[in-house]
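Here's entry.tsv, which has TSV, C-alpha atoms:
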```tsv
chain	number	residue	atom	x	y	z
A	1	MET	CA	90.98	160.99	-138.53
A	2	PHE	CA	91.59	159.46	-135.15
A	3	ILE	CA	94.90	157.93	-134.11
A	4	ASP	CA	95.41	154.98	-131.79
A	5	THR	CA	98.73	156.04	-130.28
A	6	HIS	CA	99.44	152.76	-128.50
A	7	CYS	CA	98.35	149.20	-129.21
A	8	HIS	CA	99.92	145.79	-129.67
A	9	LEU	CA	99.26	144.55	-133.19
A	10	THR	CA	101.54	141.54	-132.74
A	11	ASP	CA	99.00	139.91	-130.40
A	12	GLU	CA	96.34	137.53	-131.73
A	13	TYR	CA	93.18	139.05	-133.21
A	14	ASP	CA	90.25	137.76	-135.20
A	15	GLY	CA	91.49	137.74	-138.79
A	16	GLY	CA	94.99	138.89	-137.84
A	17	ALA	CA	96.62	142.31	-137.98
A	18	ASP	CA	95.46	143.08	-141.53
A	19	ALA	CA	91.82	142.63	-140.53
A	20	VAL	CA	92.30	144.76	-137.41
A	21	ILE	CA	93.81	147.57	-139.47
A	22	ALA	CA	90.95	147.38	-141.99
A	23	ARG	CA	88.34	147.55	-139.23
A	24	ALA	CA	90.11	150.55	-137.73
A	25	LYS	CA	90.09	152.40	-141.05
A	26	ALA	CA	86.37	151.72	-141.41
A	27	ALA	CA	85.82	153.28	-137.97
A	28	GLY	CA	87.76	156.43	-138.88
A	29	VAL	CA	91.01	155.46	-137.18
A	30	GLY	CA	93.46	156.33	-139.91
A	31	LEU	CA	96.77	155.81	-138.14
A	32	ILE	CA	97.98	153.29	-135.57
A	33	VAL	CA	101.09	153.22	-133.41
A	34	CYS	CA	102.14	149.68	-132.60
A	35	ALA	CA	104.12	149.51	-129.35
A	36	THR	CA	106.30	146.62	-128.28
A	37	ALA	CA	106.63	145.21	-124.78
A	38	ASP	CA	108.28	141.85	-125.46
A	39	PRO	CA	111.47	142.61	-127.41
A	40	HIS	CA	110.83	139.58	-129.62
A	41	ASP	CA	107.83	141.47	-131.02
A	42	ILE	CA	109.99	144.25	-132.50
A	43	VAL	CA	110.74	142.51	-135.80
A	44	PRO	CA	107.11	141.33	-136.30
A	45	ALA	CA	105.87	144.86	-135.54
A	46	LEU	CA	108.21	146.33	-138.12
A	47	ASP	CA	107.06	143.73	-140.63
A	48	ILE	CA	103.44	144.86	-140.12
A	49	ALA	CA	104.44	148.52	-140.54
A	50	GLN	CA	106.40	147.70	-143.68
A	51	ASN	CA	103.19	146.47	-145.30
A	52	HIS	CA	100.93	149.35	-144.19
A	53	ASP	CA	101.68	153.03	-144.73
A	54	ASN	CA	99.46	154.03	-141.79
A	55	ILE	CA	101.29	151.96	-139.16
A	56	PHE	CA	104.16	153.28	-137.06
A	57	VAL	CA	106.11	151.55	-134.30
A	58	THR	CA	107.59	152.36	-130.91
A	59	THR	CA	110.23	149.83	-129.93
A	60	GLY	CA	110.92	149.07	-126.29
A	61	ILE	CA	111.18	146.48	-123.55
A	62	HIS	CA	108.52	146.37	-120.81
A	63	PRO	CA	109.71	145.97	-117.19
A	64	ASP	CA	108.40	142.40	-117.19
A	65	TYR	CA	111.44	141.50	-119.32
A	66	ILE	CA	114.23	142.47	-116.93
A	67	ASN	CA	116.64	139.84	-118.22
A	68	GLU	CA	116.71	141.20	-121.76
A	69	LYS	CA	119.54	143.42	-122.99
A	70	PRO	CA	118.32	146.59	-124.77
A	71	ASP	CA	121.42	146.91	-126.93
A	72	GLU	CA	120.57	143.61	-128.60
A	73	TYR	CA	117.18	144.87	-129.78
A	74	LEU	CA	117.27	148.67	-129.92
A	75	THR	CA	119.96	148.71	-132.56
A	76	ASP	CA	120.97	151.48	-134.93
A	77	GLU	CA	119.22	149.67	-137.77
A	78	VAL	CA	115.98	149.44	-135.82
A	79	LEU	CA	115.96	152.98	-134.43
A	80	LYS	CA	116.74	154.54	-137.81
A	81	ASN	CA	113.95	152.59	-139.51
A	82	PRO	CA	111.54	155.20	-140.93
A	83	HIS	CA	108.59	153.40	-139.32
A	84	VAL	CA	110.06	153.77	-135.81
A	85	ILE	CA	108.89	156.94	-134.08
A	86	GLY	CA	109.78	156.37	-130.44
A	87	VAL	CA	111.10	154.08	-127.71
A	88	GLY	CA	108.42	152.25	-125.75
A	89	GLU	CA	106.81	150.91	-123.93
A	90	ILE	CA	109.38	151.22	-121.18
A	91	GLY	CA	109.14	152.03	-117.49
A	92	LEU	CA	108.48	150.56	-114.07
A	93	ASP	CA	105.86	148.18	-112.71
A	94	TYR	CA	105.99	147.17	-109.05
A	95	HIS	CA	102.45	145.81	-108.91
A	96	TYR	CA	103.34	142.14	-109.21
A	97	ASN	CA	107.13	142.08	-108.85
A	98	PRO	CA	108.33	144.81	-106.47
A	99	GLN	CA	111.32	142.63	-105.63
A	100	THR	CA	112.76	143.31	-109.11
A	101	ARG	CA	112.87	147.09	-108.53
A	102	ALA	CA	116.64	147.42	-109.03
A	103	GLN	CA	116.63	145.40	-112.26
A	104	GLN	CA	113.63	147.32	-113.59
A	105	ILE	CA	115.32	150.66	-112.93
A	106	ASP	CA	118.47	149.48	-114.67
A	107	LEU	CA	116.52	148.34	-117.75
A	108	PHE	CA	114.52	151.58	-117.76
A	109	GLU	CA	117.54	153.86	-117.50
A	110	ARG	CA	119.44	151.99	-120.20
A	111	GLN	CA	116.54	152.44	-122.62
A	112	LEU	CA	116.13	156.10	-121.70
A	113	ALA	CA	119.80	156.63	-122.54
A	114	ILE	CA	119.24	155.02	-125.95
A	115	ALA	CA	116.20	157.23	-126.58
A	116	CYS	CA	118.27	160.32	-125.76
A	117	GLN	CA	121.05	159.18	-128.06
A	118	TYR	CA	118.59	159.02	-130.98
A	119	ASP	CA	116.49	162.00	-129.82
A	120	LEU	CA	113.37	159.86	-129.72
A	121	PRO	CA	110.32	160.35	-127.50
A	122	VAL	CA	109.54	157.67	-124.95
A	123	ALA	CA	106.25	155.88	-124.16
A	124	ILE	CA	106.20	155.34	-120.41
A	125	HIS	CA	104.56	152.51	-118.48
A	126	THR	CA	104.27	153.16	-114.74
A	127	ARG	CA	102.31	151.15	-112.19
A	128	ASP	CA	102.67	151.42	-108.43
A	129	ALA	CA	106.00	153.16	-109.04
A	130	GLU	CA	105.20	156.87	-109.04
A	131	GLU	CA	108.06	158.03	-106.82
A	132	ASP	CA	110.78	156.29	-108.84
A	133	THR	CA	109.15	157.24	-112.14
A	134	ALA	CA	109.15	160.93	-111.19
A	135	ALA	CA	112.71	160.76	-109.91
A	136	ILE	CA	114.06	159.14	-113.08
A	137	LEU	CA	112.10	161.07	-115.73
A	138	THR	CA	113.82	164.43	-115.51
A	139	ASP	CA	113.18	167.17	-118.05
A	140	LYS	CA	115.99	165.85	-120.27
A	141	TYR	CA	113.46	163.32	-121.60
A	142	HIS	CA	110.32	163.88	-123.64
A	143	GLY	CA	107.40	161.64	-124.46
A	144	VAL	CA	104.06	160.34	-123.24
A	145	MET	CA	102.70	158.74	-120.09
A	146	HIS	CA	101.02	155.77	-121.75
A	147	CYS	CA	97.59	154.57	-120.52
A	148	PHE	CA	97.81	157.13	-117.73
A	149	THR	CA	95.95	156.14	-114.57
A	150	SER	CA	98.30	157.51	-111.92
A	151	SER	CA	97.73	160.38	-109.51
A	152	TRP	CA	97.18	164.04	-110.25
A	153	ASP	CA	100.42	164.70	-108.34
A	154	LEU	CA	102.41	162.68	-110.86
A	155	ALA	CA	100.47	164.32	-113.69
A	156	LYS	CA	101.43	167.79	-112.43
A	157	THR	CA	105.08	166.79	-112.18
A	158	MET	CA	105.19	165.36	-115.69
A	159	LEU	CA	103.22	168.28	-117.14
A	160	ASP	CA	105.93	170.59	-115.85
A	161	ARG	CA	108.49	168.40	-117.64
A	162	GLY	CA	106.68	168.65	-120.96
A	163	PHE	CA	105.16	165.18	-121.17
A	164	TYR	CA	101.94	164.20	-122.91
A	165	PHE	CA	99.28	161.94	-121.37
A	166	SER	CA	97.46	159.14	-123.14
A	167	ALA	CA	93.84	158.34	-122.30
A	168	SER	CA	92.79	154.71	-122.77
A	169	GLY	CA	89.51	152.86	-122.56
A	170	ILE	CA	89.80	153.03	-118.77
A	171	LEU	CA	88.50	156.59	-119.13
A	172	THR	CA	85.11	155.10	-120.06
A	173	PHE	CA	84.85	152.62	-117.19
A	174	LYS	CA	82.10	152.99	-114.60
A	175	ASN	CA	84.74	153.04	-111.86
A	176	GLY	CA	86.93	155.51	-113.74
A	177	GLU	CA	85.78	158.66	-111.93
A	178	SER	CA	89.21	159.54	-110.57
A	179	ILE	CA	90.99	159.27	-113.91
A	180	ARG	CA	88.22	161.26	-115.60
A	181	GLU	CA	88.78	163.96	-113.00
A	182	THR	CA	92.53	163.90	-113.67
A	183	PHE	CA	92.02	164.26	-117.42
A	184	SER	CA	89.61	167.13	-116.81
A	185	LYS	CA	92.60	169.00	-115.33
A	186	ILE	CA	95.21	168.07	-117.95
A	187	PRO	CA	95.35	170.71	-120.73
A	188	VAL	CA	93.78	169.38	-123.90
A	189	ASP	CA	96.90	170.23	-125.91
A	190	ARG	CA	98.83	167.64	-123.89
A	191	ILE	CA	96.48	164.70	-124.40
A	192	VAL	CA	96.49	161.84	-126.89
A	193	ILE	CA	94.35	158.68	-126.97
A	194	GLU	CA	95.04	154.97	-127.24
A	195	THR	CA	93.47	151.56	-126.85
A	196	ASP	CA	96.39	149.53	-125.47
A	197	ALA	CA	94.72	146.77	-127.49
A	198	PRO	CA	94.12	143.92	-126.97
A	199	TYR	CA	93.59	145.12	-123.39
A	200	CYS	CA	91.22	147.62	-121.69
A	201	ALA	CA	88.34	147.55	-124.15
A	202	PRO	CA	86.21	150.65	-123.58
A	203	VAL	CA	82.50	150.79	-122.81
A	204	PRO	CA	80.41	149.46	-124.57
A	205	TYR	CA	82.90	146.71	-125.50
A	206	ARG	CA	83.93	145.62	-122.00
A	207	GLY	CA	84.82	141.94	-121.90
A	208	LYS	CA	85.73	141.81	-125.58
A	209	THR	CA	89.14	141.86	-127.21
A	210	CYS	CA	90.07	145.50	-127.63
A	211	GLU	CA	90.97	146.78	-131.09
A	212	PRO	CA	92.19	150.14	-132.46
A	213	ALA	CA	88.74	150.83	-133.96
A	214	MET	CA	87.42	151.18	-130.40
A	215	VAL	CA	89.58	154.23	-129.65
A	216	VAL	CA	86.70	156.37	-130.93
A	217	GLU	CA	84.69	155.45	-127.80
A	218	THR	CA	87.43	156.88	-125.60
A	219	ALA	CA	87.46	160.02	-127.73
A	220	LYS	CA	83.72	160.46	-127.18
A	221	VAL	CA	84.11	160.40	-123.40
A	222	LEU	CA	87.13	162.71	-123.55
A	223	ALA	CA	85.13	165.17	-125.67
A	224	GLN	CA	82.46	165.24	-122.96
A	225	ILE	CA	85.04	165.78	-120.23
A	226	LYS	CA	86.60	168.65	-122.16
A	227	ASN	CA	83.26	170.08	-123.34
A	228	LEU	CA	84.39	169.91	-126.96
A	229	GLY	CA	82.75	168.73	-130.14
A	230	LEU	CA	84.08	165.40	-131.33
A	231	ALA	CA	85.33	166.82	-134.66
A	232	ASN	CA	87.16	169.62	-132.85
A	233	LEU	CA	88.77	167.16	-130.46
A	234	GLU	CA	89.74	164.92	-133.37
A	235	ASN	CA	91.77	167.76	-134.91
A	236	ILE	CA	93.39	168.63	-131.58
A	237	LEU	CA	94.41	165.02	-130.95
A	238	LEU	CA	95.90	164.78	-134.44
A	239	GLU	CA	98.05	167.86	-133.88
A	240	ASN	CA	99.10	166.66	-130.43
A	241	THR	CA	100.19	163.30	-131.82
A	242	LYS	CA	102.26	164.93	-134.55
A	243	LYS	CA	104.01	167.08	-131.92
A	244	LEU	CA	104.58	164.09	-129.66
A	245	TYR	CA	105.96	161.97	-132.50
A	246	PRO	CA	107.68	164.31	-135.00
A	247	ARG	CA	108.73	161.38	-137.21
A	248	ILE	CA	105.09	160.93	-138.23
A	249	LYS	CA	104.68	162.66	-141.57
A	250	LEU	CA	101.11	162.99	-142.79
```

Can I see the file as structure tokens?
Amino acid sequence: MFIDTHCHLTDEYDGGADAVIARAKAAGVGLIVCATADPHDIVPALDIAQNHDNIFVTTGIHPDYINEKPDEYLTDEVLKNPHVIGVGEIGLDYHYNPQTRAQQIDLFERQLAIACQYDLPVAIHTRDAEEDTAAILTDKYHGVMHCFTSSWDLAKTMLDRGFYFSASGILTFKNGESIRETFSKIPVDRIVIETDAPYCAPVPYRGKTCEPAMVVETAKVLAQIKNLGLANLENILLENTKKLYPRIKL
């Protein structure tokens, strides 16, 4: 089975989350990791997971929400919930709001400290913030560079620190040559795949609402890049995901 290691099931979809999960199963996507960005989505995400044995959750606060206090949301009760497998998505994003750099770093570091306290992997968002991301993410942390589209230099740094890298639908885009080249260099045993649904729908679904079922299209392109059969890659990705998120028990 394929795994969508990062999507947002609390967003609006045709038929709701239950329909999305059913469509994913029909496409061979047997497990879904629902990430949170807005902290108010944590409880709804856990409610979805509670009703589906193939849904897990990473709980975190995206850098867009710099005024939120992690301790109010990433509580002991939440982080010890059996459906919670990591802290994310967390990180830095200077693309639209570089003036909030100091607040973003503070939010990021506070959540990293919580992840360390609970020995949980982290799902990292980084955009136009490579230098600070590399400086903050020392080898005391472990996790995945979510929807990775950054430079090969950052990839090399984070490879040395034991991180995984998640390929999204961007890998399939016509203008995705540079990220395809980067993933050609990343060892296959350090790669997982995601949709980041409802965003970044892969070819041939560009312009449509992305769903976990579409992660298979990203896998097809990744298989070509790595010169692997799709079934072989499927097994590798499954093992990688289990190593990345040890709380997943299959």

Quick one: pull the distance between atom CA of Arg190 of chain A and atom CA of Ile170 of chain A, Å, one decimal.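 Separation of atom CA of Arg190 of chain A and atom CA of Ile170 of chain A: 17.9 Å.
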
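Using only C-alpha atoms, the nearest neighbour of Pro198 of chain A within the list A:Thr59, A:Ser184, A:Gln103, A:Thr10 is A:Thr10.
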
Pick from A:Cys200, A:Ala27, A:Ala19, A:Ala167 nearest to Met145 of chain A, counting all atoms listed in the file
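Nearest candidate to Met145 of chain A out of A:Cys200, A:Ala27, A:Ala19, A:Ala167: A:Ala167.
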
Taken to one decimal, the atom CA of Thr5 of chain A-atom CA of Lys243 of chain A distance is 12.3 Å

* Identify which of the residues A:Ile42, A:Gly28, A:Ala17, A:Tyr94 lies closest to Phe2 of chain A, counting all atoms listed in the file when measuring atom-to-atom distances. =>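 The shortest atom-to-atom distance to Phe2 of chain A comes from A:Gly28.
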
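Remark: for Leu237 of chain A, the closest of the candidate residues A:Val29, A:Asp14, A:Pro39, A:Gly176 is A:Val29 (distances computed over all atoms listed in the file).
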
- For Phe173 of chain A, which residue among A:Ala201, A:Leu159, A:Ala231, A:Ile66 is the nearest when counting only C-alpha atoms?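 Among the listed residues, the smallest separation from Phe173 of chain A belongs to A:Ala201.
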
| query | Which residues, written as JSON, numbers by chain, have at least one atom at most 8 Å from segment 32-36 of chain A, with all atoms listed in the file counted and residues fewer than 5 positions away on the same chain left out? | reply | {"A": [3, 4, 5, 6, 7, 8, 9, 41, 42, 45, 54, 55, 56, 57, 58, 59, 60, 61, 62, 88, 89, 212]}

Step by step: start from the point (97.4, 163.2, -110.8) in the file's coordinates, keep every protein, DNA or RNA residue that has an atom no farther than 12 Å from it, count all atoms listed in the file, and write the set as an MDAnalysis selection string. chainID A and resid 130 134 145 148:159 165 178:186

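In terms of minimum interatomic distance to Ile191 of chain A, A:His146 ranks closest within A:Lys174, A:Arg206, A:His52, A:His146, counting only C-alpha atoms.
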
Selection as a ChimeraX atom specification: residues within 12 Å of (108.2, 155.4, -111.7), counting only C-alpha atoms
/A:63,90-95,98,101-102,104-105,108-109,124-138,145,150-151,154-155,157-158

Rebuild segment 196-207 of chain A so that it carries all heavy atoms, then output the result as a PDB file, in the coordinates of the input.
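So the final result, stored in result_10.pdb, reads:
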```pdb
ATOM      1  N   ASP A 196      95.573 150.554-126.119  1.00  0.00           N
ATOM      2  CA  ASP A 196      96.390 149.530-125.470  1.00  0.00           C
ATOM      3  C   ASP A 196      95.880 148.143-125.842  1.00  0.00           C
ATOM      4  O   ASP A 196      96.018 147.182-125.076  1.00  0.00           O
ATOM      5  CB  ASP A 196      96.440 149.692-123.951  1.00  0.00           C
ATOM      6  CG  ASP A 196      97.645 148.990-123.319  1.00  0.00           C
ATOM      7  OD1 ASP A 196      98.603 148.674-124.056  1.00  0.00           O
ATOM      8  OD2 ASP A 196      97.643 148.759-122.098  1.00  0.00           O
ATOM      9  N   ALA A 197      95.230 148.050-126.995  1.00  0.00           N
ATOM     10  CA  ALA A 197      94.720 146.770-127.490  1.00  0.00           C
ATOM     11  C   ALA A 197      95.841 145.727-127.481  1.00  0.00           C
ATOM     12  O   ALA A 197      96.992 146.056-127.765  1.00  0.00           O
ATOM     13  CB  ALA A 197      94.183 146.950-128.912  1.00  0.00           C
ATOM     14  N   PRO A 198      95.461 144.497-127.110  1.00  0.00           N
ATOM     15  CA  PRO A 198      94.120 143.920-126.970  1.00  0.00           C
ATOM     16  C   PRO A 198      93.510 144.058-125.573  1.00  0.00           C
ATOM     17  O   PRO A 198      92.558 143.352-125.250  1.00  0.00           O
ATOM     18  CB  PRO A 198      94.365 142.449-127.294  1.00  0.00           C
ATOM     19  CG  PRO A 198      95.739 142.196-126.738  1.00  0.00           C
ATOM     20  CD  PRO A 198      96.511 143.467-127.011  1.00  0.00           C
ATOM     21  N   TYR A 199      94.055 144.979-124.763  1.00  0.00           N
ATOM     22  CA  TYR A 199      93.590 145.120-123.390  1.00  0.00           C
ATOM     23  C   TYR A 199      92.647 146.332-123.250  1.00  0.00           C
ATOM     24  O   TYR A 199      92.564 147.181-124.126  1.00  0.00           O
ATOM     25  CB  TYR A 199      94.787 145.310-122.442  1.00  0.00           C
ATOM     26  CG  TYR A 199      95.916 144.362-122.736  1.00  0.00           C
ATOM     27  CD1 TYR A 199      97.087 144.812-123.347  1.00  0.00           C
ATOM     28  CD2 TYR A 199      95.807 143.002-122.442  1.00  0.00           C
ATOM     29  CE1 TYR A 199      98.125 143.931-123.644  1.00  0.00           C
ATOM     30  CE2 TYR A 199      96.840 142.120-122.725  1.00  0.00           C
ATOM     31  CZ  TYR A 199      98.000 142.588-123.335  1.00  0.00           C
ATOM     32  OH  TYR A 199      99.014 141.726-123.634  1.00  0.00           O
ATOM     33  N   CYS A 200      91.963 146.411-122.110  1.00  0.00           N
ATOM     34  CA  CYS A 200      91.220 147.620-121.690  1.00  0.00           C
ATOM     35  C   CYS A 200      90.169 148.073-122.695  1.00  0.00           C
ATOM     36  O   CYS A 200      90.059 149.273-122.993  1.00  0.00           O
ATOM     37  CB  CYS A 200      92.196 148.767-121.419  1.00  0.00           C
ATOM     38  SG  CYS A 200      93.415 148.421-120.152  1.00  0.00           S
ATOM     39  N   ALA A 201      89.390 147.152-123.215  1.00  0.00           N
ATOM     40  CA  ALA A 201      88.340 147.550-124.150  1.00  0.00           C
ATOM     41  C   ALA A 201      87.387 148.538-123.491  1.00  0.00           C
ATOM     42  O   ALA A 201      86.948 148.332-122.363  1.00  0.00           O
ATOM     43  CB  ALA A 201      87.558 146.324-124.627  1.00  0.00           C
ATOM     44  N   PRO A 202      87.065 149.635-124.177  1.00  0.00           N
ATOM     45  CA  PRO A 202      86.210 150.650-123.580  1.00  0.00           C
ATOM     46  C   PRO A 202      84.743 150.228-123.561  1.00  0.00           C
ATOM     47  O   PRO A 202      84.324 149.319-124.287  1.00  0.00           O
ATOM     48  CB  PRO A 202      86.409 151.856-124.510  1.00  0.00           C
ATOM     49  CG  PRO A 202      86.694 151.230-125.848  1.00  0.00           C
ATOM     50  CD  PRO A 202      87.500 149.994-125.539  1.00  0.00           C
ATOM     51  N   VAL A 203      83.963 150.910-122.738  1.00  0.00           N
ATOM     52  CA  VAL A 203      82.500 150.790-122.810  1.00  0.00           C
ATOM     53  C   VAL A 203      82.087 151.287-124.203  1.00  0.00           C
ATOM     54  O   VAL A 203      82.600 152.305-124.676  1.00  0.00           O
ATOM     55  CB  VAL A 203      81.862 151.656-121.711  1.00  0.00           C
ATOM     56  CG1 VAL A 203      80.349 151.658-121.850  1.00  0.00           C
ATOM     57  CG2 VAL A 203      82.296 151.186-120.327  1.00  0.00           C
ATOM     58  N   PRO A 204      81.269 150.584-124.959  1.00  0.00           N
ATOM     59  CA  PRO A 204      80.410 149.460-124.570  1.00  0.00           C
ATOM     60  C   PRO A 204      80.969 148.086-124.959  1.00  0.00           C
ATOM     61  O   PRO A 204      80.190 147.153-125.153  1.00  0.00           O
ATOM     62  CB  PRO A 204      79.151 149.751-125.383  1.00  0.00           C
ATOM     63  CG  PRO A 204      79.690 150.315-126.669  1.00  0.00           C
ATOM     64  CD  PRO A 204      80.898 151.114-126.281  1.00  0.00           C
ATOM     65  N   TYR A 205      82.289 147.967-125.045  1.00  0.00           N
ATOM     66  CA  TYR A 205      82.900 146.710-125.500  1.00  0.00           C
ATOM     67  C   TYR A 205      83.586 145.949-124.365  1.00  0.00           C
ATOM     68  O   TYR A 205      84.381 145.043-124.628  1.00  0.00           O
ATOM     69  CB  TYR A 205      83.930 146.997-126.593  1.00  0.00           C
ATOM     70  CG  TYR A 205      83.341 147.654-127.812  1.00  0.00           C
ATOM     71  CD1 TYR A 205      83.557 149.013-128.055  1.00  0.00           C
ATOM     72  CD2 TYR A 205      82.573 146.943-128.714  1.00  0.00           C
ATOM     73  CE1 TYR A 205      83.026 149.630-129.181  1.00  0.00           C
ATOM     74  CE2 TYR A 205      82.035 147.554-129.841  1.00  0.00           C
ATOM     75  CZ  TYR A 205      82.267 148.899-130.061  1.00  0.00           C
ATOM     76  OH  TYR A 205      81.730 149.512-131.179  1.00  0.00           O
ATOM     77  N   ARG A 206      83.291 146.299-123.127  1.00  0.00           N
ATOM     78  CA  ARG A 206      83.930 145.620-122.000  1.00  0.00           C
ATOM     79  C   ARG A 206      83.766 144.112-122.119  1.00  0.00           C
ATOM     80  O   ARG A 206      82.698 143.611-122.442  1.00  0.00           O
ATOM     81  CB  ARG A 206      83.331 146.084-120.661  1.00  0.00           C
ATOM     82  CG  ARG A 206      83.598 147.527-120.275  1.00  0.00           C
ATOM     83  CD  ARG A 206      85.073 147.835-120.057  1.00  0.00           C
ATOM     84  NE  ARG A 206      85.718 146.939-119.109  1.00  0.00           N
ATOM     85  CZ  ARG A 206      85.715 147.091-117.795  1.00  0.00           C
ATOM     86  NH1 ARG A 206      85.056 148.091-117.247  1.00  0.00           N
ATOM     87  NH2 ARG A 206      86.357 146.239-117.010  1.00  0.00           N
ATOM     88  N   GLY A 207      84.857 143.401-121.843  1.00  0.00           N
ATOM     89  CA  GLY A 207      84.820 141.940-121.900  1.00  0.00           C
ATOM     90  C   GLY A 207      85.203 141.377-123.243  1.00  0.00           C
ATOM     91  O   GLY A 207      85.390 140.168-123.378  1.00  0.00           O
TER      92      GLY A 207
END
```
